[in-house]
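A.B. asks: For reference, the file protein36.txt (compact mmCIF, C-alpha atoms and all ligand atoms) is included below:
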```txt
# COMPACT_ATOMS: atom_id res chain seq x y z
CA MET A 9 4.86 -5.32 -32.92
CA SER A 10 3.11 -7.12 -35.73
CA GLU A 11 5.09 -8.18 -38.80
CA THR A 12 4.91 -5.14 -41.05
CA ASN A 13 3.40 -2.26 -39.15
CA TYR A 14 6.63 -0.30 -39.22
CA LEU A 15 7.89 2.48 -41.42
CA ASP A 16 11.52 3.31 -41.95
CA GLY A 17 13.85 6.01 -40.72
CA ASN A 18 12.83 8.27 -43.63
CA ALA A 19 9.54 8.90 -41.86
CA ALA A 20 11.37 10.36 -38.85
CA ALA A 21 12.80 13.16 -41.00
CA GLY A 22 10.03 15.65 -40.17
CA SER A 23 10.22 15.23 -36.39
CA LEU A 24 14.02 15.29 -36.41
CA SER A 25 14.02 18.42 -38.56
CA GLU A 26 12.38 20.31 -35.72
CA LEU A 27 15.37 19.44 -33.54
CA PHE A 28 18.32 19.41 -35.92
CA ALA A 29 19.34 21.64 -38.81
CA VAL A 30 21.08 18.77 -40.65
CA ASP A 31 19.22 15.79 -42.08
CA LEU A 32 19.99 12.88 -39.78
CA THR A 33 18.10 10.30 -41.84
CA ALA A 34 20.95 10.15 -44.38
CA ALA A 35 23.56 9.83 -41.60
CA VAL A 36 25.22 6.47 -40.98
CA ALA A 37 24.14 5.01 -37.65
CA ARG A 38 25.94 2.35 -35.65
CA CYS A 39 23.89 0.15 -33.34
CA ASN A 40 25.23 -0.07 -29.82
CA GLY A 41 23.67 -3.50 -29.44
CA CYS A 42 25.04 -5.47 -32.38
CA GLY A 43 27.32 -3.10 -34.25
CA HIS A 44 25.10 -3.06 -37.36
CA THR A 45 26.11 0.04 -39.29
CA ALA A 46 23.77 1.50 -41.91
CA VAL A 47 22.07 4.66 -43.03
CA PHE A 48 19.54 5.75 -40.39
CA ALA A 49 16.85 5.84 -43.10
CA GLU A 50 17.08 2.03 -43.24
CA SER A 51 16.15 1.56 -39.59
CA ARG A 52 12.67 0.38 -38.60
CA LEU A 53 10.44 3.12 -37.32
CA TYR A 54 7.47 2.49 -35.08
CA VAL A 55 5.13 5.43 -34.72
CA ASP A 56 2.33 3.67 -32.83
CA ALA A 57 4.39 3.50 -29.63
CA PRO A 58 4.12 6.47 -27.29
CA GLY A 59 6.30 8.76 -29.33
CA MET A 60 8.47 7.49 -32.11
CA VAL A 61 10.90 4.58 -31.83
CA ALA A 62 13.61 3.63 -34.33
CA ARG A 63 14.92 0.08 -34.07
CA CYS A 64 17.99 -1.62 -35.50
CA PRO A 65 17.16 -3.73 -38.58
CA GLY A 66 19.85 -6.19 -37.40
CA CYS A 67 18.89 -6.89 -33.78
CA GLU A 68 15.66 -4.89 -33.17
CA SER A 69 17.13 -2.99 -30.24
CA VAL A 70 16.09 0.63 -29.79
CA LEU A 71 18.36 3.11 -31.58
CA LEU A 72 16.47 6.32 -30.96
CA ARG A 73 13.28 7.52 -29.30
CA VAL A 74 11.52 10.84 -29.57
CA VAL A 75 8.79 11.54 -27.04
CA LYS A 76 6.84 14.77 -26.85
CA THR A 77 5.18 16.11 -23.76
CA PRO A 78 3.12 19.31 -23.77
CA ASN A 79 6.19 21.38 -22.89
CA ASP A 80 9.24 19.38 -23.94
CA THR A 81 10.66 16.91 -26.38
CA TYR A 82 12.69 13.98 -25.03
CA LEU A 83 15.33 12.63 -27.34
CA ASP A 84 16.76 9.28 -26.21
CA LEU A 85 19.81 8.23 -28.24
CA ARG A 86 21.17 5.51 -26.00
CA GLY A 87 21.07 2.79 -28.65
CA LEU A 88 23.43 4.56 -31.00
CA THR A 89 27.20 4.24 -30.76
CA TYR A 90 27.44 7.08 -33.25
CA LEU A 91 25.79 8.94 -36.10
CA ARG A 92 28.15 9.82 -38.93
CA VAL A 93 26.93 12.96 -40.69
CA PRO A 94 28.60 13.84 -44.01
CA SER A 95 30.33 17.22 -43.82
CA SER A 96 29.33 19.50 -46.64
CA MET B 30 18.73 23.28 -56.07
CA GLU B 31 21.34 25.02 -53.97
CA ARG B 32 18.75 26.54 -51.74
CA THR B 33 17.84 23.13 -50.32
CA ALA B 34 21.33 23.04 -48.81
CA ILE B 35 20.57 25.92 -46.49
CA ARG B 36 20.58 24.48 -43.02
CA ARG B 37 17.70 25.45 -40.88
CA ARG B 38 15.41 23.83 -38.40
CA LEU B 39 11.93 23.32 -39.72
CA THR B 40 8.59 23.95 -38.21
CA TRP B 41 4.95 23.87 -39.30
CA GLN B 42 3.75 26.37 -41.85
CA VAL B 43 0.49 26.98 -43.65
CA ALA B 44 0.12 26.18 -47.34
CA THR B 45 -2.92 26.96 -49.50
CA VAL B 46 -4.64 24.52 -51.84
CA THR B 47 -4.70 25.99 -55.34
CA ASP B 48 -5.97 22.99 -57.29
CA VAL B 49 -7.26 19.45 -56.78
CA ARG B 50 -7.04 16.88 -59.58
CA ARG B 51 -8.70 13.49 -59.72
CA GLU B 52 -6.18 10.74 -60.52
CA THR B 53 -8.33 7.65 -59.88
CA GLY B 54 -11.57 6.87 -58.04
CA THR B 55 -9.65 7.04 -54.77
CA ALA B 56 -6.60 9.22 -55.43
CA ARG B 57 -6.27 12.99 -55.77
CA THR B 58 -3.40 15.26 -56.60
CA ILE B 59 -3.39 18.32 -54.40
CA VAL B 60 -1.58 21.40 -55.64
CA LEU B 61 -0.23 23.63 -52.89
CA GLU B 62 1.14 27.12 -52.78
CA VAL B 63 3.75 27.28 -50.01
CA PRO B 64 5.16 30.67 -49.05
CA ASP B 65 8.98 30.74 -49.25
CA TRP B 66 9.28 27.14 -50.40
CA PRO B 67 13.05 26.49 -50.41
CA GLY B 68 12.91 23.97 -53.28
CA HIS B 69 13.23 20.21 -52.85
CA LEU B 70 14.95 17.13 -54.20
CA ALA B 71 12.99 14.48 -56.09
CA GLY B 72 11.94 11.81 -53.58
CA GLN B 73 11.62 14.07 -50.54
CA HIS B 74 8.41 14.21 -48.53
CA LEU B 75 6.66 16.47 -46.10
CA ASP B 76 4.44 16.00 -43.09
CA VAL B 77 0.81 17.14 -43.08
CA ARG B 78 -0.92 17.98 -39.82
CA LEU B 79 -4.66 18.18 -39.23
CA THR B 80 -6.13 19.78 -36.13
CA ALA B 81 -9.69 19.02 -35.07
CA ASP B 82 -11.98 21.60 -33.45
CA ASP B 83 -11.25 20.07 -30.04
CA GLY B 84 -7.50 20.46 -30.57
CA TYR B 85 -6.82 16.79 -31.41
CA ARG B 86 -3.99 16.52 -33.93
CA ALA B 87 -2.91 13.88 -36.43
CA SER B 88 0.07 14.07 -38.74
CA ARG B 89 1.09 11.88 -41.69
CA SER B 90 3.87 11.94 -44.26
CA TYR B 91 3.24 12.53 -47.97
CA SER B 92 5.78 12.38 -50.76
CA ILE B 93 6.17 15.38 -53.01
CA ALA B 94 4.87 14.33 -56.42
CA SER B 95 6.33 17.22 -58.39
CA ALA B 96 9.91 17.98 -59.32
CA TRP B 97 11.24 21.37 -58.39
CA SER B 98 12.89 24.05 -60.46
CA ASP B 99 13.07 27.82 -60.09
CA SER B 100 10.16 28.26 -62.47
CA GLN B 101 7.89 26.29 -60.13
CA GLY B 102 8.72 28.68 -57.34
CA SER B 103 6.49 27.88 -54.42
CA THR B 104 4.07 25.44 -56.07
CA ILE B 105 4.24 21.77 -55.14
CA GLU B 106 2.02 18.72 -55.63
CA LEU B 107 1.04 15.83 -53.38
CA THR B 108 -0.90 12.76 -54.43
CA VAL B 109 -2.98 11.04 -51.79
CA GLU B 110 -4.61 7.63 -52.05
CA GLN B 111 -7.57 7.24 -49.74
CA VAL B 112 -7.23 4.51 -47.12
CA PRO B 113 -10.69 3.35 -46.02
CA ASP B 114 -11.48 4.52 -42.48
CA GLY B 115 -8.16 6.33 -42.27
CA GLU B 116 -7.79 9.33 -40.03
CA VAL B 117 -6.09 11.68 -42.48
CA SER B 118 -6.27 10.49 -46.10
CA PRO B 119 -10.10 10.56 -46.49
CA TYR B 120 -10.04 14.20 -45.41
CA LEU B 121 -7.34 15.07 -47.92
CA VAL B 122 -9.08 13.20 -50.75
CA ASP B 123 -12.76 14.00 -50.10
CA VAL B 124 -12.98 17.17 -48.05
CA LEU B 125 -10.03 19.43 -48.79
CA LYS B 126 -10.85 21.96 -51.52
CA VAL B 127 -9.33 24.83 -53.43
CA GLY B 128 -8.66 27.80 -51.16
CA ASP B 129 -8.31 25.72 -47.98
CA PRO B 130 -5.27 26.08 -45.74
CA LEU B 131 -3.14 23.01 -44.99
CA GLU B 132 -0.47 22.76 -42.30
CA ILE B 133 2.78 21.22 -43.54
CA ARG B 134 6.38 20.67 -42.44
CA GLY B 135 9.00 20.08 -45.08
CA PRO B 136 10.68 19.31 -47.38
CA VAL B 137 12.45 16.53 -45.46
CA GLY B 138 14.40 13.32 -46.06
CA GLY B 139 17.85 13.21 -47.60
CA TRP B 140 18.19 9.49 -48.39
CA PHE B 141 15.33 8.46 -50.66
CA VAL B 142 16.25 11.09 -53.25
CA TRP B 143 17.56 11.19 -56.78
CA LYS B 144 19.92 13.93 -57.90
CA PRO B 145 20.48 14.49 -61.62
CA GLU B 146 24.27 14.55 -61.10
CA GLN B 147 24.18 11.08 -59.55
CA ASP B 148 26.05 8.25 -61.35
CA GLY B 149 24.47 5.23 -62.98
CA PRO B 150 21.08 4.10 -64.24
CA VAL B 151 18.00 4.22 -62.07
CA GLN B 152 15.50 1.47 -61.36
CA LEU B 153 12.22 2.60 -59.81
CA ILE B 154 9.86 0.03 -58.29
CA GLY B 155 6.58 1.24 -56.85
CA GLY B 156 3.46 -0.35 -55.43
CA GLY B 157 0.19 1.62 -55.31
CA SER B 158 0.74 5.16 -54.03
CA GLY B 159 4.45 4.26 -53.73
CA VAL B 160 4.70 5.61 -57.27
CA VAL B 161 4.38 9.19 -55.96
CA PRO B 162 8.04 9.96 -55.09
CA LEU B 163 9.12 7.94 -58.15
CA ARG B 164 7.02 10.23 -60.33
CA ALA B 165 8.93 13.21 -58.87
CA MET B 166 12.18 11.48 -59.90
CA LEU B 167 10.85 10.86 -63.42
CA ARG B 168 9.74 14.48 -63.62
CA ALA B 169 13.15 15.71 -62.45
CA HIS B 170 14.73 13.45 -65.08
CA ALA B 171 12.57 15.03 -67.78
CA HIS B 172 13.00 18.63 -66.54
CA THR B 173 16.75 18.46 -66.41
CA GLY B 174 16.97 16.75 -69.81
CA SER B 175 18.90 13.91 -68.18
CA THR B 176 19.86 10.97 -70.43
CA THR B 177 20.39 8.63 -67.48
CA PRO B 178 18.46 5.43 -68.26
CA PHE B 179 15.39 5.16 -66.02
CA ARG B 180 13.11 2.15 -65.63
CA LEU B 181 9.86 2.10 -63.72
CA LEU B 182 8.17 -1.10 -62.55
CA TYR B 183 4.78 -0.13 -61.17
CA SER B 184 2.55 -2.61 -59.38
CA VAL B 185 -1.17 -1.83 -59.34
CA ARG B 186 -4.30 -3.82 -58.60
CA ARG B 187 -6.12 -3.09 -61.84
CA PRO B 188 -6.05 -0.65 -64.77
CA GLU B 189 -8.36 1.81 -62.96
CA SER B 190 -5.89 2.07 -60.05
CA VAL B 191 -3.07 3.52 -62.15
CA ILE B 192 -2.13 6.98 -60.88
CA TYR B 193 -0.66 9.46 -63.42
CA VAL B 194 -1.90 7.54 -66.48
CA SER B 195 -1.34 10.31 -69.04
CA ASP B 196 1.83 11.47 -67.39
CA LEU B 197 3.32 7.98 -67.52
CA LYS B 198 2.38 7.63 -71.19
CA GLU B 199 4.21 10.84 -71.96
CA LEU B 200 7.26 9.88 -69.90
CA ALA B 201 7.35 6.41 -71.46
CA SER B 202 7.72 7.96 -74.91
CA SER B 203 11.23 9.14 -73.96
CA ASP B 204 14.07 6.95 -75.23
CA ASP B 205 15.65 7.02 -71.79
CA VAL B 206 12.60 5.89 -69.83
CA ASP B 207 11.02 2.45 -69.72
CA VAL B 208 7.67 2.02 -67.96
CA ARG B 209 6.22 -1.43 -67.08
CA LEU B 210 2.99 -2.06 -65.27
CA VAL B 211 2.34 -5.16 -63.22
CA TYR B 212 -1.31 -5.96 -62.43
CA THR B 213 -2.01 -7.90 -59.28
CA ARG B 214 -5.78 -8.45 -59.54
CA GLU B 215 -7.02 -7.66 -63.00
CA ALA B 216 -5.12 -6.83 -66.19
CA PRO B 217 -6.28 -4.91 -69.26
CA ALA B 218 -7.10 -6.80 -72.46
CA GLY B 219 -3.95 -8.09 -74.12
CA GLU B 220 -1.97 -8.37 -70.90
CA PRO B 221 -1.95 -12.03 -69.93
CA ARG B 222 -0.08 -11.79 -66.66
CA VAL B 223 -1.90 -11.15 -63.39
CA GLY B 224 0.19 -11.39 -60.25
CA ARG B 225 2.60 -9.69 -57.95
CA ILE B 226 6.17 -8.75 -58.74
CA ASP B 227 8.26 -11.90 -58.42
CA ALA B 228 11.79 -13.07 -59.24
CA ASP B 229 10.77 -13.61 -62.85
CA VAL B 230 9.49 -10.04 -63.30
CA ILE B 231 12.63 -8.67 -61.65
CA SER B 232 14.93 -10.67 -63.92
CA LYS B 233 12.93 -9.73 -67.06
CA TYR B 234 12.41 -6.03 -66.55
CA ALA B 235 14.76 -4.63 -63.92
CA PHE B 236 18.37 -3.62 -64.48
CA THR B 237 20.73 -6.47 -63.64
CA PRO B 238 23.26 -6.27 -60.80
CA GLN B 239 25.98 -5.69 -63.46
CA ASP B 240 24.27 -2.51 -64.69
CA GLY B 241 25.29 -0.63 -61.55
CA ALA B 242 21.86 0.88 -61.10
CA THR B 243 20.53 2.51 -57.96
CA THR B 244 17.13 1.05 -57.17
CA TYR B 245 14.37 2.95 -55.36
CA VAL B 246 11.59 0.81 -53.91
CA CYS B 247 8.51 2.45 -52.46
CA GLY B 248 5.06 1.36 -51.34
CA PRO B 249 3.28 -0.41 -48.50
CA THR B 250 5.74 -1.97 -46.03
CA PRO B 251 5.03 -5.62 -47.04
CA PHE B 252 5.51 -4.71 -50.72
CA VAL B 253 8.84 -3.02 -50.02
CA GLU B 254 10.04 -5.95 -47.89
CA THR B 255 9.20 -8.45 -50.62
CA VAL B 256 10.75 -6.49 -53.46
CA ALA B 257 13.92 -5.62 -51.51
CA ASP B 258 14.37 -9.32 -50.64
CA LEU B 259 13.86 -10.33 -54.29
CA LEU B 260 16.47 -7.81 -55.42
CA VAL B 261 19.06 -8.97 -52.91
CA ALA B 262 18.33 -12.63 -53.77
CA ALA B 263 18.90 -11.73 -57.45
CA GLY B 264 22.37 -10.47 -56.56
CA HIS B 265 21.76 -6.74 -56.21
CA ASP B 266 24.02 -4.89 -53.78
CA PRO B 267 21.85 -3.97 -50.75
CA ALA B 268 23.76 -0.70 -50.50
CA ARG B 269 22.32 0.29 -53.90
CA VAL B 270 18.73 -0.50 -52.96
CA ARG B 271 17.00 2.42 -51.28
CA THR B 272 13.61 1.90 -49.73
CA GLU B 273 10.71 3.95 -48.48
CA ARG B 274 7.96 2.22 -46.52
CA PHE B 275 4.52 3.82 -46.44
CA GLY B 276 3.22 1.59 -43.63
CA PRO B 277 0.71 -1.27 -43.51
CA THR B 278 -1.70 0.55 -45.77
CA GLY B 279 -0.32 3.10 -48.19
CA GLY B 280 -3.42 2.45 -50.27
CA PRO B 281 -4.39 -0.37 -52.62
CA ARG B 282 -1.86 -1.89 -54.97
C1 LIG A 301 7.63 8.82 -45.99
C2 LIG A 301 6.19 8.52 -46.33
C3 LIG A 301 5.63 9.02 -47.50
C4 LIG A 301 4.30 8.75 -47.83
N1 LIG A 301 3.80 9.25 -49.00
C5 LIG A 301 2.51 9.00 -49.34
C6 LIG A 301 1.98 9.52 -50.57
O1 LIG A 301 2.67 10.19 -51.34
N2 LIG A 301 0.67 9.25 -50.87
C7 LIG A 301 -0.13 8.50 -50.03
O2 LIG A 301 -1.31 8.31 -50.35
N3 LIG A 301 0.36 8.00 -48.87
C8 LIG A 301 1.65 8.25 -48.49
N4 LIG A 301 2.14 7.75 -47.30
C9 LIG A 301 1.20 7.07 -46.37
C10 LIG A 301 0.50 8.12 -45.51
O3 LIG A 301 1.47 8.72 -44.64
C11 LIG A 301 -0.60 7.54 -44.60
O4 LIG A 301 -0.08 6.44 -43.92
C12 LIG A 301 -1.84 7.14 -45.36
O5 LIG A 301 -2.37 8.26 -46.06
C13 LIG A 301 -2.92 6.58 -44.41
O6 LIG A 301 -3.18 7.53 -43.42
P1 LIG A 301 -4.62 7.63 -42.75
O7 LIG A 301 -4.52 8.57 -41.61
O8 LIG A 301 -5.66 7.88 -43.78
O9 LIG A 301 -4.89 6.17 -42.21
P2 LIG A 301 -4.63 5.68 -40.71
O10 LIG A 301 -5.73 6.19 -39.85
O11 LIG A 301 -3.24 5.95 -40.33
O12 LIG A 301 -4.67 4.14 -40.94
C14 LIG A 301 -5.80 3.41 -41.07
C15 LIG A 301 -5.59 2.12 -40.29
O13 LIG A 301 -6.61 1.23 -40.68
C16 LIG A 301 -6.09 0.06 -41.22
N5 LIG A 301 -6.40 0.05 -42.66
C17 LIG A 301 -7.27 0.86 -43.22
N6 LIG A 301 -7.34 0.64 -44.54
C18 LIG A 301 -6.50 -0.35 -44.82
C19 LIG A 301 -6.13 -1.01 -46.02
N7 LIG A 301 -6.62 -0.67 -47.24
N8 LIG A 301 -5.25 -2.01 -45.94
C20 LIG A 301 -4.72 -2.35 -44.75
N9 LIG A 301 -5.03 -1.73 -43.60
C21 LIG A 301 -5.91 -0.74 -43.62
C22 LIG A 301 -4.62 0.05 -40.92
O14 LIG A 301 -4.36 -0.74 -39.78
C23 LIG A 301 -4.26 1.46 -40.63
O15 LIG A 301 -3.38 1.57 -39.55
C24 LIG A 301 3.49 7.98 -46.97
C25 LIG A 301 4.06 7.48 -45.79
C26 LIG A 301 5.38 7.73 -45.47
C27 LIG A 301 5.95 7.18 -44.19
ZN ZN A 302 21.59 -3.89 -33.71
```
Step by step, read the file and then write its structure as structure tokens.
Ligand SMILES: Cc1cc2nc3c(=O)[nH]c(=O)nc-3n(C[C@H](O)[C@H](O)[C@H](O)COP(=O)(O)OP(=O)(O)OC[C@H]3O[C@@H](n4cnc5c(N)ncnc54)[C@H](O)[C@@H]3O)c2cc1C
Ligand SMILES: [Zn+2]

C.D. replies:
Amino acid sequence: MSETNYLDGNAAAGSLSELFAVDLTAAVARCNGCGHTAVFAESRLYVDAPGMVARCPGCESVLLRVVKTPNDTYLDLRGLTYLRVPSS
Amino acid sequence: MERTAIRRRLTWQVATVTDVRRETGTARTIVLEVPDWPGHLAGQHLDVRLTADDGYRASRSYSIASAWSDSQGSTIELTVEQVPDGEVSPYLVDVLKVGDPLEIRGPVGGWFVWKPEQDGPVQLIGGGSGVVPLRAMLRAHAHTGSTTPFRLLYSVRRPESVIYVSDLKELASSDDVDVRLVYTREAPAGEPRVGRIDADVISKYAFTPQDGATTYVCGPTPFVETVADLLVAAGHDPARVRTERFGPTGGPR
């Protein structure tokens, strides 16, 4: 992980839109590691890892991972206490 | 814009290139016709996917450069700055031509967007190709006849690297829009300052924390980091600073 090779949660919007009908990048995410609570778009996104990894801007722990295999998509959400999606 | 609210899962679809415009020596605007385009918000992006003959695939995100209204229907614009030795951008800039198909997935992203009904003035700060989604916001501002004060601070390497030159001139003639260019390598005659955006530039040209502006910062990741830090150090509320990082490259600035 070099200094500035990351993107932000915005860049995950396309991949997440294949899985969810609501936009999760504008949802508020709470980090299970340190409690940092912010819009998912403000997380750090690494796309050079196998798959896509979003990390907490507060403590760098993994919030979300999306990994594709030829037949399936794995969605690992263990780093999130919650995602708060505005009802509309 | 209501149609963007329709909830659906997205997948890849094929658009057709209907025009290619030269913006600078290394940047092109690509006009696409997308069947059943649902409309988009200014600031949203889409993903582009290229597939090689052997099946190898690469996808990258590109901001939508145009604003959307019913009259635009299914026409959208992207602007791509060529990154030397890049996998995707040299193809989009040098090879793609009118009539070609292009696989896309979008529009996506609900955070880095400006809606005309939103409260408060708007500060836009872009570096290099980071100006692309900001241009969509300026276009939306013009289309909707909004009187919300807009300011654009645009950091470029040199005069020849300015994307949307004539467009920016036209937008800057509006009473509600202020456009400032910052040259990092070489300035045109009559512009004494050469250097990156710093605390001084922010305090001179950006809205102050008291103005209650929403600030949109976009460009290469190091540019966005620096500018966001400068804004917070100047007293801006981090919750009112929205960022979009294009990655280590994002083109020259
Ligand atoms: C949400 C979002 C929106 C975006 N919108 C736009 C847009 O509107 N317009 C646009 O042009 N781009 C945009 N980008 C950037 C775009 O997605 C690509 O990253 C860019 O086009 C480069 O892709 P590539 O495949 O050509 O290069 P890659 O093959 O991905 O990268 C080339 C690699 O070479 C190195 N490299 C090459 N050249 C340079 C350089 N000049 N400086 C530093 N390192 C270099 C880097 O390590 C880099 O990883 C956006 C990105 C995101 C996340
Ligand atoms: Zn954390």

A.B. asks: I'd like to know which of A:Asn40, A:Asn18, A:Thr12, A:Asn79 is closest to ligand LIG 301 (chain A), using only C-alpha atoms and all ligand atoms.

C.D. replies: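 Closest candidate: A:Asn18.
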
A.B. asks: Kindly provide, as lines of an AutoDock Vina configuration file, the centre and edge lengths (Å, one decimal) of an axis-aligned box around all atoms of ligand LIG 301 (chain A) given in the file, with 3 Å on each side.

C.D. replies:
```
center_x = 0.1
center_y = 3.9
center_z = -45.4
size_x = 21.0
size_y = 18.5
size_z = 17.8
```

A.B. asks: Compute the set of protein, DNA and RNA residues whose minimum atom distance to ligand ZN 302 (chain A) is at most 10 Å, using all atoms listed in the file, and state it as a count of residues only.

C.D. replies: 20

A.B. asks: Which one of A:Ala21, A:Arg52, A:Val75, A:Arg86 sits closest to chain B if you count only C-alpha atoms?

C.D. replies: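 Of the candidates, the smallest distance to chain B is held by A:Ala21.
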
A.B. asks: I'd like a table as JSON lines: residues in chain B with an atom no more than 7 Å from ligand LIG 301 (chain A), each row giving the shortest atom pair and its distance in Å to one decimal, all atoms listed in the file counted, sorted by chain and rising residue number.

C.D. replies:
```
{"residue": "B:His74", "atom": "CA", "partner": "A:LIG301", "partner_atom": "C3", "distance": 6.0}
{"residue": "B:Arg89", "atom": "CA", "partner": "A:LIG301", "partner_atom": "O3", "distance": 4.3}
{"residue": "B:Ser90", "atom": "CA", "partner": "A:LIG301", "partner_atom": "O3", "distance": 4.0}
{"residue": "B:Tyr91", "atom": "CA", "partner": "A:LIG301", "partner_atom": "N1", "distance": 3.5}
{"residue": "B:Ser92", "atom": "CA", "partner": "A:LIG301", "partner_atom": "O1", "distance": 3.8}
{"residue": "B:Ile93", "atom": "CA", "partner": "A:LIG301", "partner_atom": "O1", "distance": 6.5}
{"residue": "B:Ala94", "atom": "CA", "partner": "A:LIG301", "partner_atom": "O1", "distance": 6.9}
{"residue": "B:Leu107", "atom": "CA", "partner": "A:LIG301", "partner_atom": "O1", "distance": 6.2}
{"residue": "B:Thr108", "atom": "CA", "partner": "A:LIG301", "partner_atom": "N2", "distance": 5.2}
{"residue": "B:Val109", "atom": "CA", "partner": "A:LIG301", "partner_atom": "O2", "distance": 3.5}
{"residue": "B:Glu110", "atom": "CA", "partner": "A:LIG301", "partner_atom": "O2", "distance": 3.8}
{"residue": "B:Gln111", "atom": "CA", "partner": "A:LIG301", "partner_atom": "O8", "distance": 6.3}
{"residue": "B:Val112", "atom": "CA", "partner": "A:LIG301", "partner_atom": "N6", "distance": 4.7}
{"residue": "B:Pro113", "atom": "CA", "partner": "A:LIG301", "partner_atom": "N6", "distance": 4.6}
{"residue": "B:Asp114", "atom": "CA", "partner": "A:LIG301", "partner_atom": "C17", "distance": 5.6}
{"residue": "B:Gly115", "atom": "CA", "partner": "A:LIG301", "partner_atom": "O9", "distance": 3.3}
{"residue": "B:Glu116", "atom": "CA", "partner": "A:LIG301", "partner_atom": "O7", "distance": 3.7}
{"residue": "B:Val117", "atom": "CA", "partner": "A:LIG301", "partner_atom": "O7", "distance": 3.6}
{"residue": "B:Ser118", "atom": "CA", "partner": "A:LIG301", "partner_atom": "O8", "distance": 3.5}
{"residue": "B:Pro119", "atom": "CA", "partner": "A:LIG301", "partner_atom": "O8", "distance": 5.9}
{"residue": "B:Ser158", "atom": "CA", "partner": "A:LIG301", "partner_atom": "N2", "distance": 5.2}
{"residue": "B:Gly159", "atom": "CA", "partner": "A:LIG301", "partner_atom": "C6", "distance": 6.6}
{"residue": "B:Val161", "atom": "CA", "partner": "A:LIG301", "partner_atom": "O1", "distance": 5.0}
{"residue": "B:Pro162", "atom": "CA", "partner": "A:LIG301", "partner_atom": "O1", "distance": 6.6}
{"residue": "B:Glu273", "atom": "CA", "partner": "A:LIG301", "partner_atom": "C1", "distance": 6.3}
{"residue": "B:Arg274", "atom": "CA", "partner": "A:LIG301", "partner_atom": "C27", "distance": 5.8}
{"residue": "B:Phe275", "atom": "CA", "partner": "A:LIG301", "partner_atom": "C25", "distance": 3.7}
{"residue": "B:Gly276", "atom": "CA", "partner": "A:LIG301", "partner_atom": "O4", "distance": 5.9}
{"residue": "B:Pro277", "atom": "CA", "partner": "A:LIG301", "partner_atom": "C20", "distance": 5.7}
{"residue": "B:Thr278", "atom": "CA", "partner": "A:LIG301", "partner_atom": "C20", "distance": 4.3}
{"residue": "B:Gly279", "atom": "CA", "partner": "A:LIG301", "partner_atom": "C9", "distance": 4.6}
{"residue": "B:Gly280", "atom": "CA", "partner": "A:LIG301", "partner_atom": "N7", "distance": 5.4}
{"residue": "B:Pro281", "atom": "CA", "partner": "A:LIG301", "partner_atom": "N7", "distance": 5.8}
```

A.B. asks: Please check which residues have atoms at most 10 Å from (13.6, 5.5, -38.2) in the file's coordinates, counting all atoms listed in the file, and write them as a ChimeraX atom specification.

C.D. replies: /A:14-21,24,32-33,47-55,60-65,71-73

A.B. asks: Using all atoms listed in the file, which residues of chain B come within 7 Å of chain A, and what is the closest atom pair for each, with the distance in Å to one decimal? Give it as CSV, sorted by chain and residue number.

C.D. replies:
```
residue,atom,partner,partner_atom,distance
B:Arg36,CA,A:Ala29,CA,5.2
B:Arg37,CA,A:Ala29,CA,4.6
B:Arg38,CA,A:Ala29,CA,4.5
B:Leu39,CA,A:Glu26,CA,5.0
B:Thr40,CA,A:Glu26,CA,5.8
B:Leu75,CA,A:Gly22,CA,6.9
B:Asp76,CA,A:Gly22,CA,6.3
B:Ser90,CA,A:Ala19,CA,6.9
B:Arg134,CA,A:Gly22,CA,6.6
B:Gly135,CA,A:Gly22,CA,6.7
B:Val137,CA,A:Ala21,CA,5.6
B:Gly138,CA,A:Ala21,CA,5.3
B:Gly139,CA,A:Ala34,CA,5.4
B:Trp140,CA,A:Ala34,CA,4.9
B:Thr250,CA,A:Thr12,CA,6.0
B:Pro251,CA,A:Thr12,CA,6.0
B:Glu273,CA,A:Asp16,CA,6.6
B:Arg274,CA,A:Leu15,CA,5.1
B:Phe275,CA,A:Leu15,CA,6.2
B:Gly276,CA,A:Leu15,CA,5.2
B:Pro277,CA,A:Asn13,CA,5.2
```

A.B. asks: I want to know what sits within 10 Å of Val46 (chain B), based on all atoms listed in the file, with residues of the same chain fewer than 6 positions away left out; could you give that as a PyMOL selection string?

C.D. replies: chain B and resi 59-63+104-106+125-131

A.B. asks: Residues proximal to (8.4, 0.9, -68.6) were defined as those with any atom within 9 Å of that point in the file's coordinates, counting all atoms listed in the file. Which are they, as a list in words?

C.D. replies: Phe179, Arg180, Leu181, Leu182, Tyr183, Leu197, Ala201, Val206, Asp207, Val208, Arg209, Leu210 and Tyr234 of chain B

A.B. asks: Using all atoms listed in the file for the distances, tell me which of B:Leu163, B:Ser232, B:Val124, B:Gly149 is nearest to Gln73 (chain B).

C.D. replies: B:Leu163

A.B. asks: In Å, with one decimal, what is the gap from CA of Pro145 (chain B) to CA of Leu167 (chain B)?

C.D. replies: 10.4 Å

A.B. asks: What's around Ala235 (chain B) at 10 Å? Count only C-alpha atoms, leave out sequence neighbours fewer than 2 positions away in its own chain, and write the answer as an MDAnalysis selection string.

C.D. replies: chainID B and resid 151:154 180:182 207 209 229:233 237:238 240 242 244 260

A.B. asks: Using CA of Pro267 (chain B) and CA of Trp143 (chain B) as the two end points, give the distance in Å to one decimal.

C.D. replies: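 About the pair CA of Pro267 (chain B) and CA of Trp143 (chain B): they are 16.9 Å apart.
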
A.B. asks: Just the number, please: distance in Å from CA of Asp205 (chain B) to CA of Thr243 (chain B), one decimal.

C.D. replies: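 Computing the Euclidean distance for CA of Asp205 (chain B) and CA of Thr243 (chain B) yields 15.3 Å.
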